[in-house]
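Enquirer: Here's a structure for you.
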Amino acid sequence: MSDQPILELKNVHSGYGSIKALKGISLKVMPGEIVAIIGANGAGKSTTLMTICGIVPVEKGEIYYQGKLINRVSPEKLPTMGLCQVPEGRRIFPRLSVEENLILGAFHREDKDQIAKDIRHSYELFPILGERSRQHGGTLSGGEQQMLAIARALMTKPKVLLLDEPSLGLAPIIIQQIFKIIADINREEGTTILLVEQNANLALQAASRGYVVETGEITLEDKASSLLTNPKIREAYLGE
Amino acid sequence: MEYFIQQLINGITLGGMYALIALGYTMVYGVIQLINFAHGEFFAAGGYVGAIALAYFAGVGYMDSHPVICLTASFLIAMAYCAYLAVGVEKIAYKPLRKNSRLAALLSALGMSIFLSNGMMLTQGVYDKVYPGELFQGRFDFGMISISYLQIMIVSLTAILLVSLNLLVFKTKIGMAMRATAQDKTMSALVAIGSNRIISLTFAIGAGLAAAAGIMYGLYYGSVKYDMGFIPGIKAFSAAVLGGIGNITGAMIGGLIIGMVEIFGAGYISGEYKDVFAFIILIGVLYFKPNGIMGENIDDTRV
Ligand SMILES: Nc1ncnc2c1ncn2[C@@H]1O[C@H](COP(=O)(O)OP(=O)(O)O)[C@@H](O)[C@H]1O
Ligand SMILES: [Mg+2]
């Protein structure tokens with residue numbers, strides 16, 4: 001593991017017009033890590049990911065990816081550089097088939113044979129997607145859509161994968177399955193993962209480090225195991 | 001019966017042209033939810049460029065020796081010209097307004113329509129520009145029914161264009177990207193699809209098809225005029241609404257229906273009212289079935 005962060009935010013401000021959603025977010029993600037961002041609804045977690053991906057413009061501060069400043073890189077360029085997000089609510093293309101959704105994950109790639117192999121690999125990872133490959137994305141259940149969203153993101157060949165609330169609205173058994181896959185991707189492919197969750201318990205168990213966001217600011221940063229035992233965190237986010 | 005079949009053939013010829021124009025309305029609407037009022041001008045501009053190209057080929061004497069090549073070249077030139085024109089119009093008049101209200105872009109489209117149509121009037125004159133008449137003069141006669149070579153050419157070329165468009169949109173990766181952009185631009189960007197590129201492509205394809213229809217129209221009716229985009233434009237728009245705006249298959253079927261209704265209405269009811277039927281359909285659809293006849297049934301053929 002190198003000691004150079006693969007992704008770093010320095011005092012990042014952004015928002016939506018007069019709504020200042022991020023007020024100086026700073027964080028680091030090292031290559032191969034799983035890092036969690038936890039926080040209440042509306043704290044600015046999704047905005048953080050959307051700002052990293054260039055969808056919400058940076059108003060102040062810097063974002064570095066692999067040592068390069070990416071503040072002004074257009075959003076559609078970032079996946080080609082290995083930075084990919086599975087957004088909140090999965091955002092499957094509802095009127096494209098499951099397979100078409102996967103193919104579009106590889107939109108920028110030219111390696112046809114490898115793309116075909118990767119699609120087969122997606123179906124091995126998530127057999128249900130193979131069974132439903134011709135079905136419209138919009139007809140899948142929430143859990144299946146989350147699997148498809150992750151599989152689609154993997155088709156971009158990410159070095160850093162940003163995951164926004166992968167557990168949202170899913171049954172506990174499905175959540176377990178999804179988190180096992182996330183851990184596998186990290187371990188087997190060495191993919192770095194930045195995981196946003198309202199379900200702090202889940203996220204901190206999967207991650208090695210965590211950040212706590214409150215109203216657009218990082219209020220706490222620690223090893224995940226320490227956050228899990230921190231009385232303040234247990235009270236505020238783990239429902240005790 | 002013969003009269004009916006004859007009208008059916010004429011209806012398909014005209015309806016195919018409307019379908020080609022309607023696709024531009026529906027694709028642009030599908031991707032950026034804009035009714036591009038300037039779209040009819042691409043049809044007219046295509047008609048003009050075709051007339052100019054054909055006249056040039058006739059002037060240098062190629063038309064007699066290589067009629068098919070000249071005609072093909074004229075189509076390609078007109079389609080390419082209008083494709084570039086449409087991409088330029090989008091960049092100048094619509095793109096800067098993309099974050100504003102939809103009404104702003106709509107008004108800009110109206111302005112563009114007036115601008116382009118006046119541009120054609122100033123550069124090409126107010127009078128009809130005649131198409132070289134000697135092309136595809138022959139005809140097949142089956143008893144009372146008569147099909148001109150020109151009609152056969154128009155219908156086959158229309159079919160080729162419609163099938164190619166279907167293949168492009170529904171079978172290729174770039175077509176998938178177009179449909180994805182229509183469905184969710186943010187998510188498209190997150191999988192490396194640049195919406196600007198896709199929007200340009202959509203305008204280019206729509207205008208290219210309209211330009212092809214413009215030449216067909218010129219060949220079929222013998223001349224073009226600077227304001228010829230207006231009425232067929234509204235009819236094709238009616239066709240797009242009839243088929244469910246945003247729906248590609250719908251636009252094709254809608255175009256054929258509008259063409260048929262116009263020809264049969266003129267033939268069996270009154271020729272004086274031929275322009276009225278499309279508008280009656282438009283109003284009827286908007287009133288009774290605002291999502292179009294295809295409605296949600298063939299959702300998957302939306303852009
Ligand atoms: N598209 C938007 N337009 C305006 N305000 C928004 C938008 N998205 C989020 N916000 C606001 O920005 C703040 C942060 O939201 P968000 O990043 O979605 O929080 P979280 O993901 O932590 O729940 C909230 O106050 C929210 O209301
Ligand atoms: Mg969120």
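Scheme for the structure tokens: letters A, B, ... for chains in order shown; per-chain residue numbers from 1; ligand numbers from 1 in order shown.
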What do you get as a PyMOL selection string if you pick all residues at most 9 Å from ligand 2, counting only C-alpha atoms and all ligand atoms?

Expert: chain A and resi 40-47+87-89+164-165+196-198

Enquirer: Could you please select, counting only C-alpha atoms, the residues of chain A within 7 Å of chain B and state them as a list in words?

Expert: Pro75, Glu76, Lys77, Pro79, Thr80, Cys84, Gln85, Arg91, Phe93, Arg95, Leu104, Gly105, Phe107 and His108 of chain A

Enquirer: Quick one: write out the picked residues with N, CA, C and O atoms as a PDB file, in the first residue's frame?

Expert:
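New file selection_10.pdb:
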```
ATOM      1  N   PRO A  75     -17.771  15.365 -15.665  1.00  0.00           N
ATOM      2  CA  PRO A  75     -18.208  14.145 -14.993  1.00  0.00           C
ATOM      3  C   PRO A  75     -18.049  12.886 -15.852  1.00  0.00           C
ATOM      4  O   PRO A  75     -17.699  11.827 -15.329  1.00  0.00           O
ATOM      5  N   GLU A  76     -18.299  13.008 -17.165  1.00  0.00           N
ATOM      6  CA  GLU A  76     -18.258  11.780 -17.978  1.00  0.00           C
ATOM      7  C   GLU A  76     -16.837  11.285 -18.220  1.00  0.00           C
ATOM      8  O   GLU A  76     -16.620  10.186 -18.692  1.00  0.00           O
ATOM      9  N   LYS A  77     -15.845  12.135 -17.880  1.00  0.00           N
ATOM     10  CA  LYS A  77     -14.450  11.734 -18.061  1.00  0.00           C
ATOM     11  C   LYS A  77     -13.987  10.865 -16.878  1.00  0.00           C
ATOM     12  O   LYS A  77     -13.143   9.976 -17.055  1.00  0.00           O
ATOM     13  N   PRO A  79     -15.253   8.384 -14.957  1.00  0.00           N
ATOM     14  CA  PRO A  79     -15.295   6.916 -14.985  1.00  0.00           C
ATOM     15  C   PRO A  79     -14.196   6.325 -15.865  1.00  0.00           C
ATOM     16  O   PRO A  79     -13.703   5.228 -15.588  1.00  0.00           O
ATOM     17  N   THR A  80     -13.799   7.041 -16.915  1.00  0.00           N
ATOM     18  CA  THR A  80     -12.736   6.520 -17.779  1.00  0.00           C
ATOM     19  C   THR A  80     -11.395   6.531 -17.059  1.00  0.00           C
ATOM     20  O   THR A  80     -10.461   5.850 -17.449  1.00  0.00           O
ATOM     21  N   CYS A  84     -15.707   5.780 -10.094  1.00  0.00           N
ATOM     22  CA  CYS A  84     -17.081   5.441 -10.473  1.00  0.00           C
ATOM     23  C   CYS A  84     -17.994   5.447  -9.259  1.00  0.00           C
ATOM     24  O   CYS A  84     -17.585   5.099  -8.158  1.00  0.00           O
ATOM     25  N   GLN A  85     -19.233   5.840  -9.455  1.00  0.00           N
ATOM     26  CA  GLN A  85     -20.176   5.897  -8.344  1.00  0.00           C
ATOM     27  C   GLN A  85     -21.416   5.050  -8.598  1.00  0.00           C
ATOM     28  O   GLN A  85     -21.953   5.033  -9.706  1.00  0.00           O
ATOM     29  N   ARG A  91     -30.485   4.110  -9.536  1.00  0.00           N
ATOM     30  CA  ARG A  91     -30.586   4.753 -10.849  1.00  0.00           C
ATOM     31  C   ARG A  91     -30.268   3.819 -12.006  1.00  0.00           C
ATOM     32  O   ARG A  91     -29.478   4.132 -12.893  1.00  0.00           O
ATOM     33  N   PHE A  93     -31.152   2.303 -15.535  1.00  0.00           N
ATOM     34  CA  PHE A  93     -31.918   2.820 -16.673  1.00  0.00           C
ATOM     35  C   PHE A  93     -33.150   1.943 -16.806  1.00  0.00           C
ATOM     36  O   PHE A  93     -33.055   0.772 -17.196  1.00  0.00           O
ATOM     37  N   ARG A  95     -35.817   1.622 -18.728  1.00  0.00           N
ATOM     38  CA  ARG A  95     -36.325   1.049 -19.978  1.00  0.00           C
ATOM     39  C   ARG A  95     -35.210   0.478 -20.851  1.00  0.00           C
ATOM     40  O   ARG A  95     -35.357   0.322 -22.039  1.00  0.00           O
ATOM     41  N   LEU A 104     -23.639  -0.614 -20.968  1.00  0.00           N
ATOM     42  CA  LEU A 104     -23.350   0.821 -20.866  1.00  0.00           C
ATOM     43  C   LEU A 104     -22.328   1.121 -19.777  1.00  0.00           C
ATOM     44  O   LEU A 104     -21.654   2.143 -19.835  1.00  0.00           O
ATOM     45  N   GLY A 105     -22.216   0.230 -18.796  1.00  0.00           N
ATOM     46  CA  GLY A 105     -21.132   0.404 -17.830  1.00  0.00           C
ATOM     47  C   GLY A 105     -19.788   0.416 -18.533  1.00  0.00           C
ATOM     48  O   GLY A 105     -18.842   1.069 -18.103  1.00  0.00           O
ATOM     49  N   PHE A 107     -19.303   1.610 -21.524  1.00  0.00           N
ATOM     50  CA  PHE A 107     -19.478   2.505 -22.679  1.00  0.00           C
ATOM     51  C   PHE A 107     -18.157   3.024 -23.243  1.00  0.00           C
ATOM     52  O   PHE A 107     -17.963   3.080 -24.447  1.00  0.00           O
ATOM     53  N   HIS A 108     -17.235   3.380 -22.363  1.00  0.00           N
ATOM     54  CA  HIS A 108     -15.981   3.986 -22.851  1.00  0.00           C
ATOM     55  C   HIS A 108     -14.947   2.954 -23.242  1.00  0.00           C
ATOM     56  O   HIS A 108     -13.883   3.300 -23.728  1.00  0.00           O
TER      57      HIS A 108
END
```

Enquirer: Apply DSSP to the backbone of this structure and, from region 117-208 of chain A, keep only the residues in helix (DSSP H, G or I); write these as a VMD selection string.

Expert: chain A and resid 117 to 125 127 to 131 137 to 139 142 to 155 172 to 189 200 to 206

Enquirer: Which polymer residues have any atom within 12 Å of an atom of Asp184 (chain A), counting only C-alpha atoms, with same-chain residues fewer than 4 positions away left out, as a list in words?

Expert: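 Using only C-alpha atoms, the neighbours found are Gly32, Ile34, Leu125, Gln177, Ile178, Phe179, Lys180, Glu188, Glu189, Gly190, Thr191, Thr192, Ile193 and Ala206 of chain A.
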
Enquirer: Mind writing the picked residues with C-alpha atoms as a tab-separated table (two decimals), in the first residue's frame?

Expert:
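Just written: selection.tsv:
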```tsv
chain	number	residue	atom	x	y	z
A	32	GLY	CA	-7.19	-0.52	-1.28
A	34	ILE	CA	-12.74	0.71	2.57
A	125	LEU	CA	-21.36	-12.82	-9.30
A	177	GLN	CA	-25.40	-10.51	0.48
A	178	ILE	CA	-24.58	-7.06	-0.96
A	179	PHE	CA	-22.06	-6.29	1.79
A	180	LYS	CA	-20.37	-9.62	1.30
A	188	GLU	CA	-10.13	-9.77	-4.68
A	189	GLU	CA	-9.85	-6.86	-7.10
A	190	GLY	CA	-8.12	-4.48	-4.70
A	191	THR	CA	-10.79	-1.88	-5.51
A	192	THR	CA	-10.78	1.07	-3.15
A	193	ILE	CA	-14.22	1.76	-1.70
A	206	ALA	CA	-17.25	-3.22	6.61
```

Enquirer: Env of Ile114 (chain B): 9 Å cut, atoms = only C-alpha atoms, seq-sep filter 5 positions within chain, self excluded. Answer as a list in words.

Expert: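 My list of contacting residues is Ala38, Glu41, Ala109 and Gly119 of chain B.
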
Enquirer: Would you export the selected residues with C-alpha atoms as a PDB file, in the first residue's frame, please?

Expert:
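Once written, again25.pdb looks like this:
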```
ATOM      1  CA  ALA B  38     -37.236  24.959 -35.962  1.00  0.00           C
ATOM      2  CA  GLU B  41     -36.795  24.362 -41.425  1.00  0.00           C
ATOM      3  CA  ALA B 109     -36.836  27.432 -31.038  1.00  0.00           C
ATOM      4  CA  GLY B 119     -32.583  33.180 -44.115  1.00  0.00           C
TER       5      GLY B 119
END
```

Enquirer: So, counting only C-alpha atoms, which residue among A:Arg152, A:Tyr16, A:Leu162, A:Val213 is closest to Ile103 (chain A)?

Expert: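 Closest candidate: A:Arg152.
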
Enquirer: Excluding Asn199 (chain A) and residues on its chain fewer than 5 positions from it, collect all residues at most 12 Å away from it, counting only C-alpha atoms, and give them as a list of chain:residue names.

Expert: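 Here the answer would be A:Ala36, A:Ile37, A:Ile38, A:Gly39, A:Ala40, A:Asn41, A:Asp164, A:Glu165, A:Pro166, A:Ser167, A:Leu168, A:Gly169, A:Leu170, A:Pro172, A:Ile175, A:Leu204, A:Gln205, A:Ala206, A:Leu228, A:Ile233, A:Arg234, A:Ala236, A:Tyr237, A:Leu238, A:Gly239.
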
Enquirer: Please write the residues from the selection above to a file, keeping C-alpha atoms, as a compact mmCIF listing (two decimals), in the first residue's frame.

Expert:
```txt
# COMPACT_ATOMS: atom_id res chain seq x y z
CA ALA A 36 -17.14 4.83 5.48
CA ILE A 37 -18.91 8.17 5.64
CA ILE A 38 -21.76 8.12 8.11
CA GLY A 39 -24.23 10.82 9.06
CA ALA A 40 -27.88 11.63 9.43
CA ASN A 41 -30.30 12.22 6.57
CA ASP A 164 -24.17 5.68 -1.81
CA GLU A 165 -26.42 3.87 0.68
CA PRO A 166 -26.33 0.41 -0.89
CA SER A 167 -28.49 -0.93 1.96
CA LEU A 168 -31.31 1.57 1.50
CA GLY A 169 -34.73 -0.07 1.51
CA LEU A 170 -33.45 -3.64 1.28
CA PRO A 172 -31.62 -7.74 5.91
CA ILE A 175 -28.11 -6.40 2.65
CA LEU A 204 -18.37 0.64 10.17
CA GLN A 205 -18.20 -3.13 10.28
CA ALA A 206 -17.25 -3.22 6.61
CA LEU A 228 -18.09 1.56 16.77
CA ILE A 233 -21.45 7.56 18.02
CA ARG A 234 -23.29 4.70 19.70
CA ALA A 236 -26.22 9.30 17.90
CA TYR A 237 -25.96 6.77 15.09
CA LEU A 238 -26.23 3.28 16.48
CA GLY A 239 -29.50 3.87 18.28
```

Enquirer: Which residues are near Ile231 (chain B)? Cut-off 12 Å, only C-alpha atoms, ignore same chain within fewer than 2 positions. Put them as a ChimeraX atom specification.

Expert: /B:18,21,37,39-41,43-44,225-229,233-238,274-279

Enquirer: Atoms to include: C-alpha atoms. Write the selected residues as an mmCIF file, in the first residue's frame.

Expert:
```cif
data_model
loop_
_atom_site.group_PDB
_atom_site.id
_atom_site.type_symbol
_atom_site.label_atom_id
_atom_site.label_comp_id
_atom_site.auth_asym_id
_atom_site.auth_seq_id
_atom_site.Cartn_x
_atom_site.Cartn_y
_atom_site.Cartn_z
ATOM 1 C CA TYR B 18 -44.080 12.729 -42.473
ATOM 2 C CA ILE B 21 -39.788 14.432 -40.201
ATOM 3 C CA PHE B 37 -40.120 24.305 -33.582
ATOM 4 C CA HIS B 39 -37.262 21.333 -37.085
ATOM 5 C CA GLY B 40 -39.488 21.998 -40.110
ATOM 6 C CA GLU B 41 -36.795 24.362 -41.425
ATOM 7 C CA PHE B 43 -36.837 19.777 -43.948
ATOM 8 C CA ALA B 44 -37.029 22.919 -46.111
ATOM 9 C CA LYS B 225 -40.193 27.045 -51.281
ATOM 10 C CA TYR B 226 -38.654 28.861 -48.339
ATOM 11 C CA ASP B 227 -41.764 28.469 -46.156
ATOM 12 C CA MET B 228 -42.442 24.858 -47.090
ATOM 13 C CA GLY B 229 -41.305 23.617 -43.688
ATOM 14 C CA GLY B 233 -43.653 20.467 -39.922
ATOM 15 C CA ILE B 234 -46.899 20.830 -38.009
ATOM 16 C CA LYS B 235 -48.295 17.709 -39.626
ATOM 17 C CA ALA B 236 -45.202 15.733 -38.663
ATOM 18 C CA PHE B 237 -45.395 17.162 -35.163
ATOM 19 C CA SER B 238 -49.017 15.970 -35.030
ATOM 20 C CA LYS B 274 -56.492 18.213 -46.835
ATOM 21 C CA ASP B 275 -54.390 20.306 -44.465
ATOM 22 C CA VAL B 276 -57.091 20.296 -41.814
ATOM 23 C CA PHE B 277 -57.217 16.564 -41.097
ATOM 24 C CA ALA B 278 -53.832 16.441 -39.392
ATOM 25 C CA PHE B 279 -54.855 19.226 -37.031
#
```

Enquirer: What is the CA of Leu102 (chain A)-atom 1 (N, counted along the ligand's line) of ligand 1 distance in Å, reported with one decimal?

Expert: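 Atom 1 (N, counted along the ligand's line) of ligand 1 lies 26.3 Å from CA of Leu102 (chain A).
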
Enquirer: At what distance in Å, to one decimal, does CA of Ala200 (chain A) lie from CA of Val56 (chain A)?

Expert: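 It comes out at 24.7 Å.
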